[in-house]
$ cat my_file.txt   # compact mmCIF, C-alpha atoms
# COMPACT_ATOMS: atom_id res chain seq x y z
CA MET D 5 -15.53 54.69 33.41
CA THR D 6 -12.16 53.93 31.87
CA LEU D 7 -10.86 54.14 28.34
CA PHE D 8 -10.11 50.42 28.12
CA PRO D 9 -12.09 47.18 28.45
CA ASP D 10 -12.33 45.77 31.97
CA ASP D 11 -9.91 42.90 31.32
CA ILE D 12 -7.19 45.27 30.08
CA GLU D 13 -7.76 47.56 33.05
CA ALA D 14 -7.41 44.54 35.37
CA GLN D 15 -4.16 43.49 33.65
CA ALA D 16 -2.77 47.01 33.95
CA ARG D 17 -3.75 47.21 37.64
CA HIS D 18 -2.00 43.88 38.22
CA ILE D 19 1.23 45.14 36.57
CA ILE D 20 1.21 48.34 38.61
CA ALA D 21 0.47 46.44 41.84
CA ARG D 22 3.21 43.90 41.11
CA PHE D 23 5.91 46.35 40.01
CA ALA D 24 5.38 49.25 42.45
CA PRO D 25 6.41 47.47 45.68
CA ARG D 26 9.60 46.24 43.94
CA GLY D 27 10.46 49.73 42.73
CA TRP D 28 10.40 48.43 39.14
CA THR D 29 9.66 50.65 36.18
CA VAL D 30 8.42 49.98 32.66
CA SER D 31 9.07 51.46 29.24
CA THR D 32 7.08 50.70 26.12
CA ALA D 33 8.15 50.77 22.47
CA GLU D 34 5.03 50.84 20.35
CA SER D 35 4.29 50.90 16.67
CA CYS D 36 0.88 49.44 15.77
CA THR D 37 -0.61 50.29 19.19
CA GLY D 38 0.42 53.94 18.96
CA GLY D 39 1.00 54.39 22.70
CA LEU D 40 -2.03 52.46 23.91
CA ILE D 41 0.00 50.09 26.10
CA ALA D 42 1.46 53.06 27.97
CA GLY D 43 -2.04 54.54 27.97
CA ALA D 44 -3.52 51.42 29.59
CA LEU D 45 -0.84 51.43 32.28
CA THR D 46 -1.22 55.15 33.00
CA GLU D 47 -4.99 54.75 33.29
CA VAL D 48 -4.25 53.20 36.70
CA ALA D 49 -3.87 55.52 39.68
CA GLY D 50 -0.35 55.22 41.07
CA SER D 51 1.14 54.32 37.70
CA SER D 52 3.63 57.19 37.96
CA ALA D 53 5.65 54.98 40.30
CA VAL D 54 5.95 52.35 37.56
CA VAL D 55 5.75 53.90 34.07
CA ASP D 56 9.08 55.43 33.08
CA ARG D 57 8.34 56.34 29.46
CA GLY D 58 6.75 55.25 26.21
CA PHE D 59 8.24 55.43 22.74
CA VAL D 60 5.69 55.72 19.94
CA THR D 61 7.70 54.74 16.88
CA TYR D 62 5.18 54.41 14.10
CA SER D 63 7.55 55.20 11.25
CA ASN D 64 10.73 53.35 10.37
CA GLN D 65 12.66 56.59 10.88
CA ALA D 66 11.27 56.90 14.41
CA LYS D 67 12.28 53.30 15.15
CA MET D 68 15.84 54.15 14.06
CA ASP D 69 16.04 57.58 15.70
CA MET D 70 14.37 56.80 19.02
CA LEU D 71 15.22 53.13 19.58
CA GLY D 72 18.32 52.44 17.50
CA VAL D 73 16.71 49.91 15.17
CA THR D 74 19.18 49.56 12.34
CA ASP D 75 18.38 50.37 8.74
CA GLY D 76 19.87 46.97 7.88
CA THR D 77 17.31 45.19 10.04
CA LEU D 78 14.46 47.16 8.52
CA ALA D 79 15.77 46.57 4.98
CA SER D 80 16.36 42.85 5.51
CA PHE D 81 13.36 41.88 7.65
CA GLY D 82 10.92 44.79 7.55
CA ALA D 83 9.31 46.78 10.32
CA VAL D 84 6.96 43.92 11.18
CA SER D 85 9.44 41.23 12.16
CA ARG D 86 10.92 39.37 15.09
CA GLU D 87 14.24 41.11 14.50
CA THR D 88 12.73 44.59 14.62
CA ALA D 89 10.73 43.82 17.78
CA LEU D 90 13.91 42.56 19.47
CA GLU D 91 15.84 45.69 18.54
CA MET D 92 12.93 47.83 19.70
CA VAL D 93 12.77 46.24 23.15
CA ASP D 94 16.53 46.50 23.61
CA GLY D 95 16.47 50.12 22.47
CA ALA D 96 13.71 50.95 24.92
CA LEU D 97 15.75 49.52 27.79
CA LEU D 98 18.94 51.24 26.65
CA ARG D 99 17.23 54.62 26.31
CA SER D 100 15.31 54.52 29.59
CA GLN D 101 15.73 53.82 33.27
CA ALA D 102 13.13 51.05 33.10
CA VAL D 103 13.64 47.64 34.64
CA CYS D 104 11.30 46.02 32.09
CA SER D 105 10.27 46.90 28.58
CA VAL D 106 7.81 45.67 26.00
CA ALA D 107 7.85 46.34 22.25
CA VAL D 108 5.22 45.77 19.58
CA THR D 109 5.19 46.08 15.81
CA GLY D 110 2.51 44.75 13.51
CA VAL D 111 -0.13 45.14 10.84
CA ALA D 112 -3.37 46.33 12.43
CA GLY D 113 -5.22 46.78 9.15
CA PRO D 114 -7.58 47.08 7.54
CA GLY D 115 -5.04 47.37 4.70
CA GLY D 116 -1.30 47.05 4.56
CA GLY D 117 -1.10 43.30 4.80
CA SER D 118 0.54 40.88 2.40
CA ALA D 119 0.74 37.11 1.95
CA GLU D 120 3.90 37.03 4.08
CA LYS D 121 2.70 39.61 6.60
CA PRO D 122 -1.09 39.49 6.77
CA VAL D 123 -3.34 41.86 8.64
CA GLY D 124 -3.32 40.81 12.28
CA LEU D 125 0.35 39.78 12.37
CA VAL D 126 2.11 41.33 15.37
CA HIS D 127 5.58 40.71 16.75
CA LEU D 128 6.04 41.43 20.44
CA ALA D 129 9.15 41.35 22.60
CA ALA D 130 9.60 41.86 26.34
CA ARG D 131 12.66 41.85 28.52
CA ARG D 132 13.72 42.53 32.06
CA ARG D 133 17.05 44.34 32.32
CA GLY D 134 19.77 41.69 32.37
CA GLY D 135 17.28 38.91 31.66
CA PRO D 136 16.37 36.82 28.65
CA VAL D 137 14.20 38.26 25.91
CA LEU D 138 10.72 36.93 25.34
CA HIS D 139 9.31 37.06 21.80
CA ARG D 140 5.87 36.19 20.50
CA GLU D 141 4.57 36.17 16.96
CA MET D 142 0.83 36.62 17.11
CA ARG D 143 -1.54 36.10 14.21
CA TYR D 144 -4.77 37.61 15.45
CA GLY D 145 -6.32 37.55 11.98
CA ASP D 146 -8.25 40.23 10.14
CA ILE D 147 -10.51 40.93 13.13
CA GLY D 148 -10.60 44.71 12.71
CA ARG D 149 -8.07 47.41 13.49
CA SER D 150 -9.31 48.17 17.00
CA GLU D 151 -9.53 44.49 17.92
CA VAL D 152 -5.98 43.79 16.68
CA ARG D 153 -4.72 46.69 18.77
CA LEU D 154 -6.66 45.59 21.87
CA ALA D 155 -5.46 42.01 21.47
CA THR D 156 -1.90 43.31 21.19
CA ILE D 157 -2.28 45.30 24.42
CA ARG D 158 -3.52 42.17 26.21
CA THR D 159 -0.58 40.10 24.97
CA ALA D 160 1.94 42.85 25.77
CA LEU D 161 0.71 43.22 29.35
CA ALA D 162 0.78 39.45 29.81
CA MET D 163 4.38 39.41 28.54
CA LEU D 164 5.38 42.15 31.00
CA ASP D 165 3.92 40.04 33.78
CA GLU D 166 5.81 37.03 32.47
CA VAL D 167 9.22 38.75 32.35
CA ALA D 168 8.61 40.09 35.86
CA GLY D 169 8.55 36.51 37.07
CA ALA D 170 11.57 35.37 35.02
$ encode --input "my_file.txt" --output "structure tokens"
Amino acid sequence: MTLFPDDIEAQARHIIARFAPRGWTVSTAESCTGGLIAGALTEVAGSSAVVDRGFVTYSNQAKMDMLGVTDGTLASFGAVSRETALEMVDGALLRSQAVCSVAVTGVAGPGGGSAEKPVGLVHLAARRRGGPVLHREMRYGDIGRSEVRLATIRTALAMLDEVAGA
């Protein structure tokens, strides 16, 4: 038995199997998932060869302190924004030894949404060191807190796989 659904476990196994022979490592910068992406990866035996570290930056202050997200970005665009996700992924690479990083920030619900930033809105960014950044704006909808978080994990793992091939 694992903590995650079978499809997420399979995605995590794929990332570990793909990255380990290359000697590649991963860092995560997580807000709305609260460390679950790192948790999914570390559920896989042998993940210690791949997972460098995870940053759980739920508060704005944590995003600034741990990842270097600027107060100007947070003031201008908010925590749930493309700009914040991009600064988070760059900060995770800068503050780790990882080859690849993924960052997520969103509104998992059930409350906290607005007309501009509804429940289910998540911004994700992934990057391989020295490579182009990949950004996705996902609108999962008000499908429930756990389901938004699981959907975010699925997208984040897919993005890590994508930047590995870039």
$ atom_distance --input "my_file.txt" --atom1 "CA of Asp75 in chain D" --atom2 "CA of Gly117 in chain D"
21.1 Å
$ closest_atom_pairs --input "my_file.txt" --of "range 133-165 of chain D" --to "range 28-41 of chain D" --cutoff "9 Å" --atoms "only C-alpha atoms" --output "Markdown table"
| residue | atom | partner | partner_atom | distance |
| --- | --- | --- | --- | --- |
| D:Val152 | CA | D:Thr37 | CA | 8.8 |
| D:Arg153 | CA | D:Thr37 | CA | 5.5 |
| D:Leu154 | CA | D:Thr37 | CA | 8.1 |
| D:Thr156 | CA | D:Thr37 | CA | 7.4 |
| D:Ile157 | CA | D:Ile41 | CA | 5.6 |
| D:Arg158 | CA | D:Ile41 | CA | 8.7 |
| D:Ala160 | CA | D:Ile41 | CA | 7.5 |
| D:Leu161 | CA | D:Ile41 | CA | 7.6 |
| D:Leu164 | CA | D:Val30 | CA | 8.6 |
$ residues_around --input "my_file.txt" --residues "His18 in chain D" --least-positions-apart "2" --cutoff "10 Å" --atoms "all atoms listed in the file" --output "MDAnalysis selection string"
chainID D and resid 12:16 20:23 45 48 161:162 165
$ closest_residue --input "my_file.txt" --among "D:Ala79, D:Ala112, D:Leu128, D:Met70" --to "Leu98 in chain D" --atoms "all atoms listed in the file"
D:Met70
$ residues_around --input "my_file.txt" --residues "Tyr144 in chain D" --least-positions-apart "5" --cutoff "8 Å" --atoms "all atoms listed in the file" --output "ChimeraX atom specification"
/D:124-126,152,155
$ closest_residue --input "my_file.txt" --among "D:Ala129, D:Ala119, D:Ile19, D:Val106" --to "Gly169 in chain D" --atoms "all atoms listed in the file"
D:Ile19
$ residues_near_point --input "my_file.txt" --point "(14.8, 48.0, 33.8)" --cutoff "6 Å" --atoms "only C-alpha atoms" --output "list in words"
Gln101, Ala102, Val103, Cys104, Arg132 and Arg133 of chain D
$ residues_around --input "my_file.txt" --residues "Asn64 in chain D" --least-positions-apart "3" --cutoff "8 Å" --atoms "all atoms listed in the file" --output "list in words"
Thr61, Lys67, Met68, Leu78 and Ala83 of chain D
$ atom_distance --input "my_file.txt" --atom1 "CA of Pro122 in chain D" --atom2 "CA of Gly110 in chain D"
9.3 Å
$ residues_near_point --input "my_file.txt" --point "(10.5, 44.7, 18.3)" --cutoff "6 Å" --atoms "only C-alpha atoms" --output "mmCIF file with C-alpha atoms, in the coordinates of the input"
data_model
loop_
_atom_site.group_PDB
_atom_site.id
_atom_site.type_symbol
_atom_site.label_atom_id
_atom_site.label_comp_id
_atom_site.auth_asym_id
_atom_site.auth_seq_id
_atom_site.Cartn_x
_atom_site.Cartn_y
_atom_site.Cartn_z
ATOM 1 C CA THR D 88 12.730 44.590 14.620
ATOM 2 C CA ALA D 89 10.730 43.820 17.780
ATOM 3 C CA LEU D 90 13.910 42.560 19.470
ATOM 4 C CA GLU D 91 15.840 45.690 18.540
ATOM 5 C CA MET D 92 12.930 47.830 19.700
ATOM 6 C CA VAL D 93 12.770 46.240 23.150
ATOM 7 C CA ALA D 107 7.850 46.340 22.250
ATOM 8 C CA VAL D 108 5.220 45.770 19.580
ATOM 9 C CA LEU D 128 6.040 41.430 20.440
ATOM 10 C CA ALA D 129 9.150 41.350 22.600
#
$ atom_distance --input "my_file.txt" --atom1 "CA of Gly76 in chain D" --atom2 "CA of Ser105 in chain D"
22.8 Å
